[in-house]
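Undergrad: Handing you a structure now.
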Amino acid sequence: MRTSVLWLNDYLDRPADAAEQAAALTSAGLPLDGDGTADNGEAWQEIETTSNRGDCLCHVGMAREVAAVTGRAVRMPKSALPSTTGDAANSVRVRNHEPALCPRYTARVIRGVKVGPSPEWLQRRLVAIGQIPRNNVVDATNFVLFELGQPTHVFDLATLAGSEIHIRRARDGEAFLPLGADAAEVKLTSGDLVIADRDRPVALAGVKGGALASVTDATTDLVLEAATFDAVSVRTTSRRHGIASDSSYRFERIVHPSEIDAAAERLASLIVEIAGGTLEAGVVADGAPLPAARPITLRPARARQILGFDIPTARMVELLDTLGFAPRVVGSGADERIETTAPARRVDVEREIDLIEEICRLNGLDAVPVADAIAVRVPRRNPIERATRDVKDLLVGMGFVETITHSLVSEKSAEAFLPSGAKALRVDDERAGGEPALRPSVVTSLLRVRRHNEDQGAANLRLFEFASAFHFDRRRGAGWRRRRASSSTAPRSASSACSTSASSRRTGSRSQPQPRSSNCADSSRTTRPRTRRSNFRPSPPPTATSPRSWPTASPTATSRRRFAHSDWRISRRSRLSPRSAASRSATDGRACRCGSSSASPTAR
């Protein structure tokens with residue numbers, strides 16, 4: 001959230017310079033993320049906010065935090081509604097067909113406005129935070145957005161067919177042209193919520209206004225929209241069409257229905273002040289009933305126990321009161337408690353522990369005692385973890401490089417490794433592109449990495465990966481996930497023939513033992529691998545006739561010692577003998593440590 005230092009001071013009883021504002025907000029959990037000077041010479045600061053603090057995405061919200069930390073008072077902007085004439089209900093009709101997705105929608109009507117440039121003070125406020133002034137009506141909506149955090153929109157009443165507003169789902173294939181000089185028409189789906197007149201959509205609800213009902217220099221009659229929309233619906237629509245705005249950013253973090261009226265009154269009074277016109281009486285609204293206030297009880301004794309230090313009850317009441325929780329002490333002694341009512345804007349505060357967190361951060365995190373030493377008992381690694389690490393150490397010692405690949409693959413790659421009677425699991429996300437399937441085997445990912453490295457000239461490459469594989473088993477009737485460990489070895493050159501190699505998974509044959517090459521510079525230095533044990537067992541290798549068989553490097557290896565580089569399964573009751581076929585040469589069961597077996601640094 002970019003804030004203007006001067007603009008934020010408009011809402012404090014006494015001004016705070018940039019350094020004091022940054023220090024206060026940082027101590028309240030809203031750290032400074034950058035600062036600078038705008039084109040008009042005013043200082044601005046970028047304040048980092050968490051996704052649950054939508055109430056801080058405005059200057060008044062930031063001023064509340066500064067006031068709570070520094071002991072100042074907040075001066076709320078005044079909204080003096082002008083005199084009204086007529087009845088807004090006679091000028092526009094509103095019907096909310098989706099109250100679950102639009103909890104509350106309100107419309108007001110102003111007639112006789114004159115669209116033109118904004119006053120200098122308004123333009124300075126917007127330029128200070130990087131906004132571009134448009135005209136007095138549009139700038140007023142942006143000002144209210146960054147002042148109170150409530151997105152609003154203005155329609156040209158003359159362009160609304162039938163003078164009707166419908167909040168409904170879009171029809172599949174329905175066209176919509178968003179605002180913007182370079183905007184392109186988009187095709188909507190039934191999952192999109194739109195604001196429409198009698199004939200067509202005029203806004204993408206909570207995301208973007210439409211060009212067909214936008215305010216122009218010829219506009220004289222306005223419809224002021226102030227509403228709130230379901231956060232998930234706004235986020236989904238914004239991602240689906242690649243359209244984002246300052247409004248969608250705030251709706252995605254929840255705007256409470258009870259906050260709408262104050263922002264609408266502020267916008268109406270501001271437009272009449274700077275653009276003229278007459279406000280019609282009444283508010284045309286439709287939606288679900290307003291949610292009830294949330295009472296939350298805090299036990300001071302419990303708060304002191306969790307915080308780990310003594311803080312007076314009076315101090316707790318003072319801190320909560322500065323945030324607008326209206327605390328009230330009830331009872332005494334062991335039965336003492338603080339009863340509060342959460343402000344509508346604080347949708348993140350629901351339980352007692354949330355109040356304790358508010359007290360902690362406003363009282364100062366530096367007041368929390370920290371012991372010089374903390375006794376920590378480090379638990380032993382479980383058998384699966386020990387086995388996994390042992391196998392990784394063994395593979396690395398054999399010249400393999402561990403990889404981390406993406407779990408999404410193409411459907412064609414997935415089909416090659418599906419068990420009988422199973423099908424691939426798909427991810428319903430357009431961002432997956434041509435790789436929407438969850439891999440049923442890690443091998444397909446390793447083969448792609450190996451192919452890429454071979455294309456780059458890294459032929460002598462050994463890869464392995466511990467990862468999950470997925471498929472849908474029709475017999476089980478549910479998704480099935482297994483932890484897999486797979487490895488892949490690139491073809492070896494003549495100079496490195498002293499080490500064995502594994503072929504790709506679907507060869508269906510066993511590799512032949514490689515004779516020791518005389519070209520190996522270090523052929524005289526051999527060593528027998530040490531015996532290592534762990535709770536790990538490779539899957540029983542398939543027979544040579546199986547289409548999914550994996551090769552072993554030595555025909556003399558017993559089934560108990562076969563080392564399949566494919567589909568290892570972790571078991572608590574199993575053991576691994578590292579004297580695998582892949583770790584021995586075909587002649588004397590010893591592996592040559594030649595430099596040619598190292599992996600290429602291009603592996604990723």
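Labels for the structure tokens follow display order: chains A, B, ..., residues from 1 in each chain, ligands from 1.
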Excluding range 65-73 of chain A and residues on its chain fewer than 2 positions from it, collect all residues at most 8 Å away from it, counting only C-alpha atoms, and give them as a ChimeraX atom specification.
TA: /A:12-14,21,24-25,27-28,61-63,75,319,322-323,362-363
Undergrad: With only C-alpha atoms as the counted atoms, please give the residues lying no more than 7 Å from range 243-245 of chain A, apart from itself and same-chain residues fewer than 4 positions off, as a count of residues only.
TA: 5
Undergrad: Write out as a PDB file with C-alpha atoms, in the first residue's frame which residues come within 9 Å of Gly324 in chain A when counting only C-alpha atoms, dropping same-chain ones fewer than 4 positions away.
TA:
```pdb
ATOM      1  CA  LEU A 320      -8.385  -2.199  22.400  1.00  0.00           C
ATOM      2  CA  THR A 341     -17.435  -5.878  19.919  1.00  0.00           C
ATOM      3  CA  ALA A 342     -15.229  -6.272  16.865  1.00  0.00           C
ATOM      4  CA  PRO A 343     -15.506  -3.399  14.370  1.00  0.00           C
TER       5      PRO A 343
END
```
Undergrad: Fewer than 5 positions away in the same chain doesn't count, so skip those; otherwise give me all residues within 10 Å of Ala22 in chain A, counting only C-alpha atoms, as a short mmCIF file (atom, residue, chain, number, x, y, z; two decimals) with N, CA, C and O atoms, in the first residue's frame.
TA:
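Output file selection-v2.cif is given in full below:
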```cif
data_model
loop_
_atom_site.label_atom_id
_atom_site.label_comp_id
_atom_site.auth_asym_id
_atom_site.auth_seq_id
_atom_site.Cartn_x
_atom_site.Cartn_y
_atom_site.Cartn_z
N VAL A 5 2.66 10.84 2.88
CA VAL A 5 2.92 11.30 4.26
C VAL A 5 1.97 12.43 4.62
O VAL A 5 1.39 12.46 5.72
N ALA A 16 2.66 13.65 12.00
CA ALA A 16 3.84 12.82 12.26
C ALA A 16 4.68 12.83 10.99
O ALA A 16 4.16 12.68 9.88
N ASP A 17 5.99 13.01 11.15
CA ASP A 17 6.85 13.04 9.96
C ASP A 17 7.01 11.62 9.41
O ASP A 17 6.53 10.64 9.98
N SER A 27 6.34 -1.10 13.98
CA SER A 27 6.13 -1.71 15.29
C SER A 27 4.75 -2.35 15.39
O SER A 27 4.54 -3.26 16.19
N ALA A 28 3.79 -1.88 14.58
CA ALA A 28 2.44 -2.45 14.60
C ALA A 28 2.30 -3.62 13.65
O ALA A 28 1.19 -4.15 13.47
N LEU A 30 3.30 -3.57 10.34
CA LEU A 30 3.15 -3.11 8.96
C LEU A 30 4.46 -2.44 8.54
O LEU A 30 4.58 -1.21 8.55
N PRO A 31 5.46 -3.22 8.17
CA PRO A 31 6.80 -2.67 7.95
C PRO A 31 6.91 -1.80 6.72
O PRO A 31 6.17 -1.96 5.74
N LEU A 32 7.85 -0.88 6.77
CA LEU A 32 8.17 -0.02 5.63
C LEU A 32 8.85 -0.85 4.55
O LEU A 32 9.79 -1.60 4.82
N ASP A 33 8.39 -0.70 3.32
CA ASP A 33 8.94 -1.48 2.21
C ASP A 33 9.56 -0.60 1.13
O ASP A 33 9.89 -1.07 0.06
N GLY A 34 9.71 0.68 1.42
CA GLY A 34 10.32 1.59 0.46
C GLY A 34 9.73 2.98 0.59
O GLY A 34 8.65 3.17 1.16
N ASP A 35 10.44 3.97 0.08
CA ASP A 35 9.95 5.34 0.12
C ASP A 35 10.53 6.10 -1.05
O ASP A 35 11.38 5.60 -1.79
N GLN A 45 5.47 6.63 0.98
CA GLN A 45 6.07 5.45 1.60
C GLN A 45 5.28 4.21 1.18
O GLN A 45 4.04 4.26 1.10
N GLU A 46 5.98 3.15 0.90
CA GLU A 46 5.35 1.87 0.58
C GLU A 46 5.30 1.04 1.85
O GLU A 46 6.34 0.70 2.42
N ILE A 47 4.09 0.72 2.31
CA ILE A 47 3.89 -0.02 3.55
C ILE A 47 3.43 -1.44 3.20
O ILE A 47 2.47 -1.61 2.45
N VAL A 66 -1.20 4.20 13.27
CA VAL A 66 -0.24 5.18 13.80
C VAL A 66 -0.77 5.78 15.11
O VAL A 66 -0.03 5.93 16.09
#
```
Undergrad: Find the spatial neighbours of Thr37 in chain A, counting only C-alpha atoms, within a cut-off of 10 Å - ignore same-chain residues fewer than 3 positions away - and output them as number ranges by chain.
TA: A: 4, 40-45, 128-130
Undergrad: Generate the output file for the selected residues, N, CA, C and O atoms, as a short mmCIF file (atom, residue, chain, number, x, y, z; two decimals), in the first residue's frame.
TA:
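Result file is selection_10.cif:
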```cif
data_model
loop_
_atom_site.label_atom_id
_atom_site.label_comp_id
_atom_site.auth_asym_id
_atom_site.auth_seq_id
_atom_site.Cartn_x
_atom_site.Cartn_y
_atom_site.Cartn_z
N SER A 4 0.75 8.54 1.12
CA SER A 4 1.33 9.88 1.10
C SER A 4 1.49 10.36 2.53
O SER A 4 0.54 10.27 3.33
N ASN A 40 5.15 15.50 -7.84
CA ASN A 40 4.82 16.82 -7.33
C ASN A 40 5.65 17.21 -6.11
O ASN A 40 5.37 18.21 -5.46
N GLY A 41 6.66 16.42 -5.77
CA GLY A 41 7.56 16.75 -4.68
C GLY A 41 7.13 16.23 -3.31
O GLY A 41 7.86 16.43 -2.33
N GLU A 42 6.00 15.56 -3.20
CA GLU A 42 5.54 15.05 -1.91
C GLU A 42 6.17 13.68 -1.63
O GLU A 42 6.40 12.88 -2.55
N ALA A 43 6.42 13.42 -0.34
CA ALA A 43 7.03 12.15 0.07
C ALA A 43 5.97 11.06 0.14
O ALA A 43 4.86 11.30 0.61
N TRP A 44 6.34 9.88 -0.33
CA TRP A 44 5.47 8.72 -0.21
C TRP A 44 6.23 7.57 0.42
O TRP A 44 7.46 7.54 0.41
N GLN A 45 5.47 6.63 0.98
CA GLN A 45 6.07 5.45 1.60
C GLN A 45 5.28 4.21 1.18
O GLN A 45 4.04 4.26 1.10
N ALA A 128 0.52 12.14 -5.57
CA ALA A 128 1.48 11.78 -4.51
C ALA A 128 1.62 10.28 -4.33
O ALA A 128 2.65 9.80 -3.84
N ILE A 129 0.60 9.50 -4.71
CA ILE A 129 0.69 8.04 -4.57
C ILE A 129 0.79 7.35 -5.93
O ILE A 129 0.55 6.14 -6.04
N GLY A 130 1.13 8.11 -6.97
CA GLY A 130 1.37 7.52 -8.28
C GLY A 130 0.17 7.37 -9.17
O GLY A 130 0.25 6.70 -10.21
#
```
Undergrad: So that I can check the surroundings of Glu430 in chain A, please list as a list in words every protein, DNA and RNA residue that reaches within 12 Å of it, counting only C-alpha atoms and ignoring chain neighbours fewer than 3 positions away.
TA: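 Near Glu430 in chain A, the qualifying residues are Thr236, Arg239, Arg240, His241, Gly242, Arg426, Val427, Gly433, Gly434, Glu435 and Pro436 of chain A.
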Undergrad: Please list as a list of chain:residue names every residue within 8 Å of Arg111 in chain A, counting only C-alpha atoms and excluding residues in the same chain fewer than 3 positions away.
TA: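 Final neighbour list, sorted by chain and number: A:Thr220, A:Asp221, A:Leu222, A:Gly277, A:Thr278, A:Leu279, A:Glu280.
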Undergrad: Considering only C-alpha atoms, state which residue in the set A:Lys114, A:Arg171, A:Arg93, A:Arg450 is at the smallest distance from Gly276 in chain A.
TA: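 The shortest atom-to-atom distance to Gly276 in chain A comes from A:Lys114.
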Undergrad: Once DSSP has gone over the backbone, tell me which residues of range 292-403 of chain A are in alpha helix (DSSP H), as a ChimeraX atom specification.
TA: /A:300-307,313-322,352-363,383-397
Undergrad: What does the distance between CA of Leu57 in chain A and CA of Ala344 in chain A come to in Å, to one decimal place?
TA: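 Straight-line distance from CA of Leu57 in chain A to CA of Ala344 in chain A works out to 15.0 Å.
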Undergrad: Using CA of Asp39 in chain A and CA of Leu6 in chain A as the two end points, give the distance in Å to one decimal.
TA: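 For CA of Asp39 in chain A relative to CA of Leu6 in chain A, the distance reads 14.4 Å.
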Undergrad: Just list as a VMD selection string whatever in range 316-417 of chain A DSSP marks as strand (DSSP E).
TA: chain A and resid 328 to 330 337 to 342 401 to 402 408 to 409
Undergrad: If you take only C-alpha atoms and a cut-off of 10 Å, which residues of range 188-275 of chain A touch range 97-106 of chain A, and what are their nearest atom pairs and distances in Å to one decimal, in chain and number order, as a Markdown table?
TA:
```
| residue | atom | partner | partner_atom | distance |
| --- | --- | --- | --- | --- |
| A:Leu193 | CA | A:Leu101 | CA | 7.7 |
| A:Ala205 | CA | A:Cys102 | CA | 8.6 |
| A:Gly206 | CA | A:Cys102 | CA | 9.4 |
| A:Val223 | CA | A:Thr106 | CA | 9.8 |
| A:Leu224 | CA | A:Thr106 | CA | 8.0 |
| A:Glu225 | CA | A:Thr106 | CA | 5.9 |
| A:Ala226 | CA | A:Thr106 | CA | 5.4 |
| A:Ala227 | CA | A:Tyr105 | CA | 4.3 |
| A:Thr228 | CA | A:Arg104 | CA | 5.9 |
| A:Phe229 | CA | A:Cys102 | CA | 4.4 |
| A:Asp230 | CA | A:Leu101 | CA | 4.8 |
| A:Ala231 | CA | A:Leu101 | CA | 8.5 |
| A:Val232 | CA | A:Leu101 | CA | 8.9 |
| A:Ser233 | CA | A:Leu101 | CA | 6.9 |
| A:Val234 | CA | A:Leu101 | CA | 9.0 |
| A:His256 | CA | A:Pro103 | CA | 9.0 |
| A:Pro257 | CA | A:Arg104 | CA | 6.0 |
| A:Ser258 | CA | A:Arg104 | CA | 8.9 |
| A:Ile260 | CA | A:Thr106 | CA | 8.1 |
| A:Asp261 | CA | A:Thr106 | CA | 8.2 |
| A:Ala264 | CA | A:Thr106 | CA | 8.4 |
```
Undergrad: Can I get the selected residues back with N, CA and C atoms, as a PDB file, in the first residue's frame?
TA:
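The new file out-v9.pdb reads:
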```pdb
ATOM      1  N   LEU A 193     -19.354 -13.002 -12.222  1.00  0.00           N
ATOM      2  CA  LEU A 193     -20.439 -12.146 -11.747  1.00  0.00           C
ATOM      3  C   LEU A 193     -20.313 -10.789 -12.421  1.00  0.00           C
ATOM      4  N   ALA A 205     -18.070  -7.471 -11.934  1.00  0.00           N
ATOM      5  CA  ALA A 205     -18.307  -7.173 -10.517  1.00  0.00           C
ATOM      6  C   ALA A 205     -17.038  -7.269  -9.683  1.00  0.00           C
ATOM      7  N   GLY A 206     -16.697  -6.157  -9.056  1.00  0.00           N
ATOM      8  CA  GLY A 206     -15.556  -6.108  -8.170  1.00  0.00           C
ATOM      9  C   GLY A 206     -14.215  -6.036  -8.848  1.00  0.00           C
ATOM     10  N   VAL A 223     -25.010   7.423 -11.712  1.00  0.00           N
ATOM     11  CA  VAL A 223     -25.425   6.398 -10.754  1.00  0.00           C
ATOM     12  C   VAL A 223     -24.181   6.002  -9.966  1.00  0.00           C
ATOM     13  N   LEU A 224     -24.224   6.217  -8.658  1.00  0.00           N
ATOM     14  CA  LEU A 224     -23.095   5.897  -7.791  1.00  0.00           C
ATOM     15  C   LEU A 224     -23.267   4.499  -7.221  1.00  0.00           C
ATOM     16  N   GLU A 225     -22.333   3.629  -7.555  1.00  0.00           N
ATOM     17  CA  GLU A 225     -22.365   2.254  -7.047  1.00  0.00           C
ATOM     18  C   GLU A 225     -21.429   2.119  -5.856  1.00  0.00           C
ATOM     19  N   ALA A 226     -21.944   1.525  -4.767  1.00  0.00           N
ATOM     20  CA  ALA A 226     -21.124   1.141  -3.621  1.00  0.00           C
ATOM     21  C   ALA A 226     -21.612  -0.235  -3.193  1.00  0.00           C
ATOM     22  N   ALA A 227     -20.738  -1.212  -3.244  1.00  0.00           N
ATOM     23  CA  ALA A 227     -21.166  -2.590  -3.006  1.00  0.00           C
ATOM     24  C   ALA A 227     -20.002  -3.386  -2.442  1.00  0.00           C
ATOM     25  N   THR A 228     -20.284  -4.639  -2.131  1.00  0.00           N
ATOM     26  CA  THR A 228     -19.227  -5.565  -1.756  1.00  0.00           C
ATOM     27  C   THR A 228     -19.524  -6.901  -2.401  1.00  0.00           C
ATOM     28  N   PHE A 229     -18.455  -7.630  -2.722  1.00  0.00           N
ATOM     29  CA  PHE A 229     -18.588  -8.878  -3.451  1.00  0.00           C
ATOM     30  C   PHE A 229     -17.785  -9.979  -2.765  1.00  0.00           C
ATOM     31  N   ASP A 230     -18.166 -11.208  -3.048  1.00  0.00           N
ATOM     32  CA  ASP A 230     -17.470 -12.359  -2.487  1.00  0.00           C
ATOM     33  C   ASP A 230     -16.013 -12.369  -2.927  1.00  0.00           C
ATOM     34  N   ALA A 231     -15.109 -12.534  -1.958  1.00  0.00           N
ATOM     35  CA  ALA A 231     -13.680 -12.444  -2.247  1.00  0.00           C
ATOM     36  C   ALA A 231     -13.227 -13.532  -3.220  1.00  0.00           C
ATOM     37  N   VAL A 232     -13.717 -14.743  -3.060  1.00  0.00           N
ATOM     38  CA  VAL A 232     -13.300 -15.843  -3.934  1.00  0.00           C
ATOM     39  C   VAL A 232     -13.800 -15.615  -5.358  1.00  0.00           C
ATOM     40  N   SER A 233     -15.029 -15.124  -5.497  1.00  0.00           N
ATOM     41  CA  SER A 233     -15.574 -14.855  -6.823  1.00  0.00           C
ATOM     42  C   SER A 233     -14.760 -13.792  -7.551  1.00  0.00           C
ATOM     43  N   VAL A 234     -14.409 -12.723  -6.844  1.00  0.00           N
ATOM     44  CA  VAL A 234     -13.615 -11.651  -7.464  1.00  0.00           C
ATOM     45  C   VAL A 234     -12.239 -12.175  -7.859  1.00  0.00           C
ATOM     46  N   HIS A 256     -16.304  -5.316   4.194  1.00  0.00           N
ATOM     47  CA  HIS A 256     -17.493  -5.661   4.965  1.00  0.00           C
ATOM     48  C   HIS A 256     -18.697  -4.856   4.479  1.00  0.00           C
ATOM     49  N   PRO A 257     -19.884  -5.495   4.395  1.00  0.00           N
ATOM     50  CA  PRO A 257     -21.077  -4.761   3.919  1.00  0.00           C
ATOM     51  C   PRO A 257     -21.432  -3.550   4.773  1.00  0.00           C
ATOM     52  N   SER A 258     -21.086  -3.584   6.060  1.00  0.00           N
ATOM     53  CA  SER A 258     -21.439  -2.462   6.935  1.00  0.00           C
ATOM     54  C   SER A 258     -20.625  -1.213   6.657  1.00  0.00           C
ATOM     55  N   ILE A 260     -20.137   0.064   3.648  1.00  0.00           N
ATOM     56  CA  ILE A 260     -20.500   0.621   2.348  1.00  0.00           C
ATOM     57  C   ILE A 260     -21.119   2.012   2.461  1.00  0.00           C
ATOM     58  N   ASP A 261     -22.073   2.179   3.358  1.00  0.00           N
ATOM     59  CA  ASP A 261     -22.852   3.420   3.403  1.00  0.00           C
ATOM     60  C   ASP A 261     -21.984   4.641   3.692  1.00  0.00           C
ATOM     61  N   ALA A 264     -20.199   5.577   0.554  1.00  0.00           N
ATOM     62  CA  ALA A 264     -21.107   6.119  -0.460  1.00  0.00           C
ATOM     63  C   ALA A 264     -21.495   7.557  -0.137  1.00  0.00           C
TER      64      ALA A 264
END
```
